[in-house]
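Notes for the one structure printed next.
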Amino acid sequence: MSSRPTDPAVLGVVVDDRGVTARSRDEVILDVLFDGRRIWSFWLHRDGEPSGRDHVVAWPAALRTFLEGTARISVAVSRTGQVVFDEEVVLGDGEGRIDISDADGNPLALDKSFRRVKTFESRSREQMKPLLGAMEEVLAALHGIGVDAFVAYGTLLGAVRDGTFIGHDSDADLGYVSRHDHPADVALESYRIQRALTRLGYRTDRYSAAAIKVYVSEEGGITRGLDVFGGFLRDGKLHLMGEIRAPFASEWMWPLGTVELDGHAFPAPAQPERLLEVTYGPSWRVPDPAFQFVTPTSTTRRLNGWFRGLRGDRSMWDRRYSRPATTALEPSPFVQAVAEAEGLDARFVDIGCGRGADTWWLASQGASAVGTDFVRRGYAAAQERAQAEGADARFHFMNLLETRSVLGTSALVAATTPPGVRTVVTARHVADCVNDAALANLWRAGRMLLAGGGRMHVEFLTRRAGDGYGRAHRVFAVRPVTVAESAKAAGAVIRGREIVPVGDDADEKGSRVCRMVMEW
Amino acid sequence: MKKLARRVINQSQADLRARIASLEEEVQECRELNRRVAELTDVVTEVLAGVASDDQARVRKALEAYEAGL
């Protein structure tokens with residue numbers, strides 16, 4: 001771990017299109033303010049590039065899009081507030097005033113990972129009330145189902161240090177420490193917690209086998225997600241998702257005490273200072289808006305091995321599906337070919353249905369269709385439309401990276417298929433964007449769904465050309481033989497394969513997909 | 001002689017590094033079994049009781065509740 005900055009002299013500060021240049025013999029944390037508002041903080045040496053005696057810290061990508069125009073930029077030593085630069089600066093084309101805010105005018109700043117967030121420092125006490133309400137609600141729900149949850153991470157830090165939220169923070173974190181000491185039991189408990197919250201009407205998202213996000217609806221239709229990190233004590237050490245493994249005594253945790261946040265009492269570990277010390281190090285009392293976890297590899301490996309691996313590229317797909325669809329629900333050429341080959345008197349199950357266009361189209365043609373995906377938001381619009389129009393299209397959550405999800409949802413779909421109805425499983429652009437574990441679960445789902453007969457059709461990219469097809473679909477090229485071997489290892493019998501050119505200019509040099517048919 | 005000794009030492013250090021890397025992989029493989037055990041136990045606990053009852057409506061209800069809580 002690098003030594004924490006002290007209080008050195010900072011000289012030669014320059015702010016220009018490259019970023020912030022400064023000189024300091026010792027490491028120092030600097031805050032960058034635009035028109036008096038803190039936007040970004042960094043460690044000069046850790047985050048900068050050496051340039052002679054100076055260090056140049058480039059503007060983070062998340063900030064660059066805003067940097068066209070003029071602003072009063074100040075640079076201050078974070079710990080003391082000593083201003084080491086304060087000038088009107090022209091950046092980019094210099095047109096207009098630089099305004100670092102989102103489309104709705106909410107002020108933005110960068111968090112410790114240099115991501116754009118709506119930080120607390122720009123919000124009034126009144127504006128913080130909904131968050132306090134959401135925290136109280138989720139904590140009450142957790143306590144109601146027997147989970148001794150408490151405020152954790154930055155939220156606990158702010159409460160203990162100042163009795164309020166940390167200005168440069170942007171979310172509230174909750175945690176709990178299980179009474180179990182085996183990771184498998186901790187995971188099982190986390191699954192039970194999620195189910196109990198679902199029964200109470202909360203929407204949740206699973207981040208690992210020991211961490212979930214709980215969504216709370218606020219006034220004005222705003223939805224807020226609160227992270228709930230699970231942990232456990234084992235061999236005298238506290239393990240807490242997502243960063244902690246450190247010596248810890250159970251009496252430091254229980255019985256829970258309380259801390260105050262903006263005048264509200266919240267549950268906290270019995271000795272919160274102990275948790276803060278293992279979280280942020282011995283100097284946790286000194287504010288550091290550019291703090292970054294330096295988690296030992298052995299801790300990351302443990303938490304990864306025990307609990308993680310069920311997200312894959314989920315964040316990317318979440319982002320993609322958070323934008324409205326640019327096109328109407330149009331069927332893919334693949335599903336049209338499958339429908340032609342199989343007829344419509346079957347039950348179609350589309351694994352990895354994305355926005356649900358193929359599922360919707362099959363139902364609109366009179367077939368019975370089911371779509372599954374690990375992003376509920378992806379198929380939400382198709383689901384709503386199907387419900388409104390009474391079409392036989394159903395959608396289910398299925399995460400190929402979580403075996404219990406594959407088993408549960410496949411069994412549900414099989415159980416709701418009328419006896420004597422043939423099943424056809426499709427998976428378009430799945431085998432070309434998932435890892436081996438998810439691919440094994442794709443075959444597992446196929447095998448379960450086709451236990452009573454029927455075929456599985458998969459389509460995947462097998463040649464990625466420069467025509468943008470692979471990028472647009474977020475897929476990589478895989479060899480048909482690799483996919484076939486993987487399916488065969490799961491008991492499939494390959495019944496056919498075909499290479500089909502795709503893309504706008506489908507010619508000999510363009511991208512190609514492979515369509516493969518299999519049975520179990 | 002010295003050269004030979006150094007070569008032997010270098011070789012045994014490389015062997016040890018390779019063995020540690022492979023042991024680390026094996027340990028991680030074992031850790032990954034944890035989630036699989038938990039997931040299978042969860043499915044069996046939540047769903048099998050319904051299946052054993054031979055009541056199709058109950059099976060379906062159990063499966064629907066399971067999917068909703070994922």
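How things are named: the first chain in the structure tokens is A, the next is B, and so on; residues count from 1 in each chain; ligands count from 1 in the order shown.
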
Q: Give the residues of chain A that lie within 7 Å of chain B; count only C-alpha atoms, and format the answer as a VMD selection string.
A: chain A and resid 183 to 185 187 to 188 194 to 195 198 305 to 307 397 403 to 405 408 to 409 412 415

Q) What are the DSSP helix (DSSP H, G or I) residues of range 127-239 of chain A, as a ChimeraX atom specification? A) /A:127-144,153-162,183-199,219-221

So that I have them on file, write out the residues from the current selection with N, CA and C atoms, as a tab-separated table (two decimals), in the first residue's frame.
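The result, written out as again.tsv:
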```
chain	number	residue	atom	x	y	z
A	127	GLN	N	-33.11	17.61	0.38
A	127	GLN	CA	-32.97	16.66	-0.74
A	127	GLN	C	-32.45	15.30	-0.27
A	128	MET	N	-31.83	15.27	0.91
A	128	MET	CA	-31.30	14.00	1.42
A	128	MET	C	-32.37	13.16	2.12
A	129	LYS	N	-33.50	13.80	2.41
A	129	LYS	CA	-34.53	13.09	3.18
A	129	LYS	C	-35.02	11.81	2.52
A	130	PRO	N	-35.27	11.81	1.20
A	130	PRO	CA	-35.73	10.55	0.58
A	130	PRO	C	-34.72	9.41	0.77
A	131	LEU	N	-33.42	9.73	0.71
A	131	LEU	CA	-32.41	8.68	0.90
A	131	LEU	C	-32.47	8.14	2.33
A	132	LEU	N	-32.58	9.06	3.28
A	132	LEU	CA	-32.69	8.62	4.68
A	132	LEU	C	-33.92	7.73	4.85
A	133	GLY	N	-35.01	8.12	4.21
A	133	GLY	CA	-36.24	7.34	4.29
A	133	GLY	C	-36.05	5.96	3.68
A	134	ALA	N	-35.36	5.92	2.52
A	134	ALA	CA	-35.14	4.63	1.85
A	134	ALA	C	-34.27	3.72	2.71
A	135	MET	N	-33.24	4.31	3.33
A	135	MET	CA	-32.37	3.50	4.20
A	135	MET	C	-33.15	2.94	5.38
A	136	GLU	N	-33.95	3.79	5.98
A	136	GLU	CA	-34.74	3.33	7.13
A	136	GLU	C	-35.69	2.22	6.72
A	137	GLU	N	-36.27	2.38	5.53
A	137	GLU	CA	-37.23	1.38	5.06
A	137	GLU	C	-36.55	0.03	4.81
A	138	VAL	N	-35.41	0.06	4.11
A	138	VAL	CA	-34.74	-1.21	3.78
A	138	VAL	C	-34.17	-1.86	5.05
A	139	LEU	N	-33.62	-1.04	5.94
A	139	LEU	CA	-33.09	-1.60	7.20
A	139	LEU	C	-34.22	-2.22	8.03
A	140	ALA	N	-35.38	-1.55	8.04
A	140	ALA	CA	-36.51	-2.10	8.80
A	140	ALA	C	-36.96	-3.41	8.17
A	141	ALA	N	-36.99	-3.46	6.83
A	141	ALA	CA	-37.39	-4.70	6.14
A	141	ALA	C	-36.40	-5.82	6.47
A	142	LEU	N	-35.11	-5.50	6.45
A	142	LEU	CA	-34.09	-6.52	6.75
A	142	LEU	C	-34.20	-6.99	8.19
A	143	HIS	N	-34.37	-6.05	9.10
A	143	HIS	CA	-34.50	-6.44	10.51
A	143	HIS	C	-35.77	-7.26	10.72
A	144	GLY	N	-36.81	-6.90	9.94
A	144	GLY	CA	-38.07	-7.63	10.04
A	144	GLY	C	-37.94	-9.09	9.62
A	153	TYR	N	-19.53	0.93	5.00
A	153	TYR	CA	-18.64	1.65	4.08
A	153	TYR	C	-18.76	3.18	4.27
A	154	GLY	N	-18.89	3.92	3.17
A	154	GLY	CA	-18.83	5.38	3.24
A	154	GLY	C	-19.93	5.98	4.11
A	155	THR	N	-21.08	5.29	4.15
A	155	THR	CA	-22.19	5.80	4.94
A	155	THR	C	-21.84	5.75	6.43
A	156	LEU	N	-21.24	4.64	6.84
A	156	LEU	CA	-20.81	4.51	8.24
A	156	LEU	C	-19.69	5.51	8.54
A	157	LEU	N	-18.80	5.67	7.58
A	157	LEU	CA	-17.67	6.59	7.76
A	157	LEU	C	-18.18	8.02	8.02
A	158	GLY	N	-19.12	8.45	7.19
A	158	GLY	CA	-19.68	9.80	7.36
A	158	GLY	C	-20.39	9.95	8.69
A	159	ALA	N	-21.14	8.93	9.07
A	159	ALA	CA	-21.90	8.99	10.32
A	159	ALA	C	-20.97	9.12	11.52
A	160	VAL	N	-19.92	8.28	11.54
A	160	VAL	CA	-19.03	8.28	12.70
A	160	VAL	C	-18.17	9.54	12.72
A	161	ARG	N	-17.72	9.96	11.53
A	161	ARG	CA	-16.79	11.09	11.47
A	161	ARG	C	-17.51	12.42	11.67
A	162	ASP	N	-18.63	12.60	10.99
A	162	ASP	CA	-19.27	13.92	11.01
A	162	ASP	C	-20.76	13.90	11.33
A	183	PRO	N	-19.00	-20.21	3.72
A	183	PRO	CA	-19.46	-19.39	2.59
A	183	PRO	C	-20.72	-19.94	1.91
A	184	ALA	N	-20.86	-21.27	1.83
A	184	ALA	CA	-22.06	-21.83	1.17
A	184	ALA	C	-23.32	-21.47	1.96
A	185	ASP	N	-23.23	-21.50	3.29
A	185	ASP	CA	-24.38	-21.13	4.11
A	185	ASP	C	-24.67	-19.64	4.02
A	186	VAL	N	-23.59	-18.86	3.87
A	186	VAL	CA	-23.76	-17.41	3.73
A	186	VAL	C	-24.50	-17.12	2.42
A	187	ALA	N	-24.14	-17.85	1.36
A	187	ALA	CA	-24.82	-17.67	0.07
A	187	ALA	C	-26.29	-18.09	0.19
A	188	LEU	N	-26.54	-19.24	0.82
A	188	LEU	CA	-27.92	-19.70	0.98
A	188	LEU	C	-28.76	-18.69	1.75
A	189	GLU	N	-28.15	-18.11	2.76
A	189	GLU	CA	-28.87	-17.09	3.54
A	189	GLU	C	-29.17	-15.87	2.68
A	190	SER	N	-28.22	-15.50	1.82
A	190	SER	CA	-28.42	-14.35	0.94
A	190	SER	C	-29.58	-14.63	-0.03
A	191	TYR	N	-29.67	-15.87	-0.54
A	191	TYR	CA	-30.80	-16.22	-1.43
A	191	TYR	C	-32.12	-16.08	-0.67
A	192	ARG	N	-32.12	-16.54	0.60
A	192	ARG	CA	-33.36	-16.47	1.40
A	192	ARG	C	-33.74	-15.01	1.65
A	193	ILE	N	-32.74	-14.18	1.90
A	193	ILE	CA	-33.00	-12.75	2.15
A	193	ILE	C	-33.65	-12.13	0.91
A	194	GLN	N	-33.08	-12.46	-0.26
A	194	GLN	CA	-33.62	-11.89	-1.49
A	194	GLN	C	-35.07	-12.33	-1.71
A	195	ARG	N	-35.35	-13.59	-1.45
A	195	ARG	CA	-36.73	-14.08	-1.61
A	195	ARG	C	-37.68	-13.39	-0.63
A	196	ALA	N	-37.22	-13.22	0.60
A	196	ALA	CA	-38.07	-12.57	1.61
A	196	ALA	C	-38.36	-11.13	1.19
A	197	LEU	N	-37.35	-10.43	0.67
A	197	LEU	CA	-37.57	-9.05	0.23
A	197	LEU	C	-38.51	-9.02	-0.98
A	198	THR	N	-38.38	-10.01	-1.87
A	198	THR	CA	-39.28	-10.09	-3.03
A	198	THR	C	-40.72	-10.28	-2.56
A	199	ARG	N	-40.89	-11.15	-1.56
A	199	ARG	CA	-42.25	-11.38	-1.04
A	199	ARG	C	-42.82	-10.10	-0.42
A	219	GLU	N	-40.97	9.28	-3.87
A	219	GLU	CA	-41.96	10.17	-4.46
A	219	GLU	C	-41.47	10.64	-5.83
A	220	GLY	N	-42.42	10.88	-6.73
A	220	GLY	CA	-42.06	11.38	-8.04
A	220	GLY	C	-41.58	10.28	-8.97
A	221	GLY	N	-41.81	9.03	-8.59
A	221	GLY	CA	-41.47	7.91	-9.47
A	221	GLY	C	-39.99	7.59	-9.53
```

Q | Between CA of Trp284 in chain A and CA of Arg234 in chain A - distance in Å to one decimal | A | 24.4 Å

Q. Could you name the residues that touch Ala211 in chain A at 7 Å or less, counting only C-alpha atoms, but leaving out those on the same chain fewer than 2 positions away, as a PyMOL selection string?
A. chain A and resi 206-209+228-230+241

Q.
Which residues are close to Pro272 in chain A, i.e. within 9 Å by only C-alpha atoms, leaving aside same-chain residues fewer than 4 positions away? Reply as an MDAnalysis selection string.
A. chainID A and resid 152 156:157 160 252:253 257:259 268 276:277

Q | Minimum-distance residue to Leu275 in chain A, chosen among A:Glu342, A:Glu251, A:Asp373, A:Asp54 (using only C-alpha atoms) | A | A:Glu251

Q. Which distance in Å separates CA of Leu30 in chain A and CA of Val151 in chain A, to one decimal?
A. 28.0 Å

Q | Residue list (strand (DSSP E or B), DSSP) for range 43-228 of chain A, as JSON, numbers by chain | A | {"A": [43, 49, 50, 51, 54, 55, 56, 57, 58, 69, 70, 71, 72, 73, 74, 75, 76, 77, 83, 84, 85, 86, 87, 88, 89, 90, 91, 97, 101, 107, 109, 110, 116, 117, 149, 150, 151, 173, 174, 175, 176, 177, 178, 203, 204, 205, 206, 207, 208, 211, 212, 213, 214, 215, 216, 217, 223, 224, 225, 226, 227, 228]}

Q: Please identify all polymer residues within 8 Å of Gly167 in chain A, counting only C-alpha atoms, omitting same-chain residues fewer than 3 positions from it, and present them as a list in words.
A: Thr119, Phe120, Glu121, Ser122 and Ser170 of chain A

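When only C-alpha atoms are used to compute distances to Gln292 in chain A, the closest of the residues A:Gln82, A:Ser178, A:Thr164, A:Thr279 turns out to be A:Thr279.
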
(Q) Taking only C-alpha atoms into account, name the residue in A:Val502, A:Ala270, A:Ile351, A:Val89 that is nearest to Glu68 in chain A. (A) A:Val89

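Picture a line from CA of Arg495 in chain A to CA of Met516 in chain A; it runs 7.6 Å.
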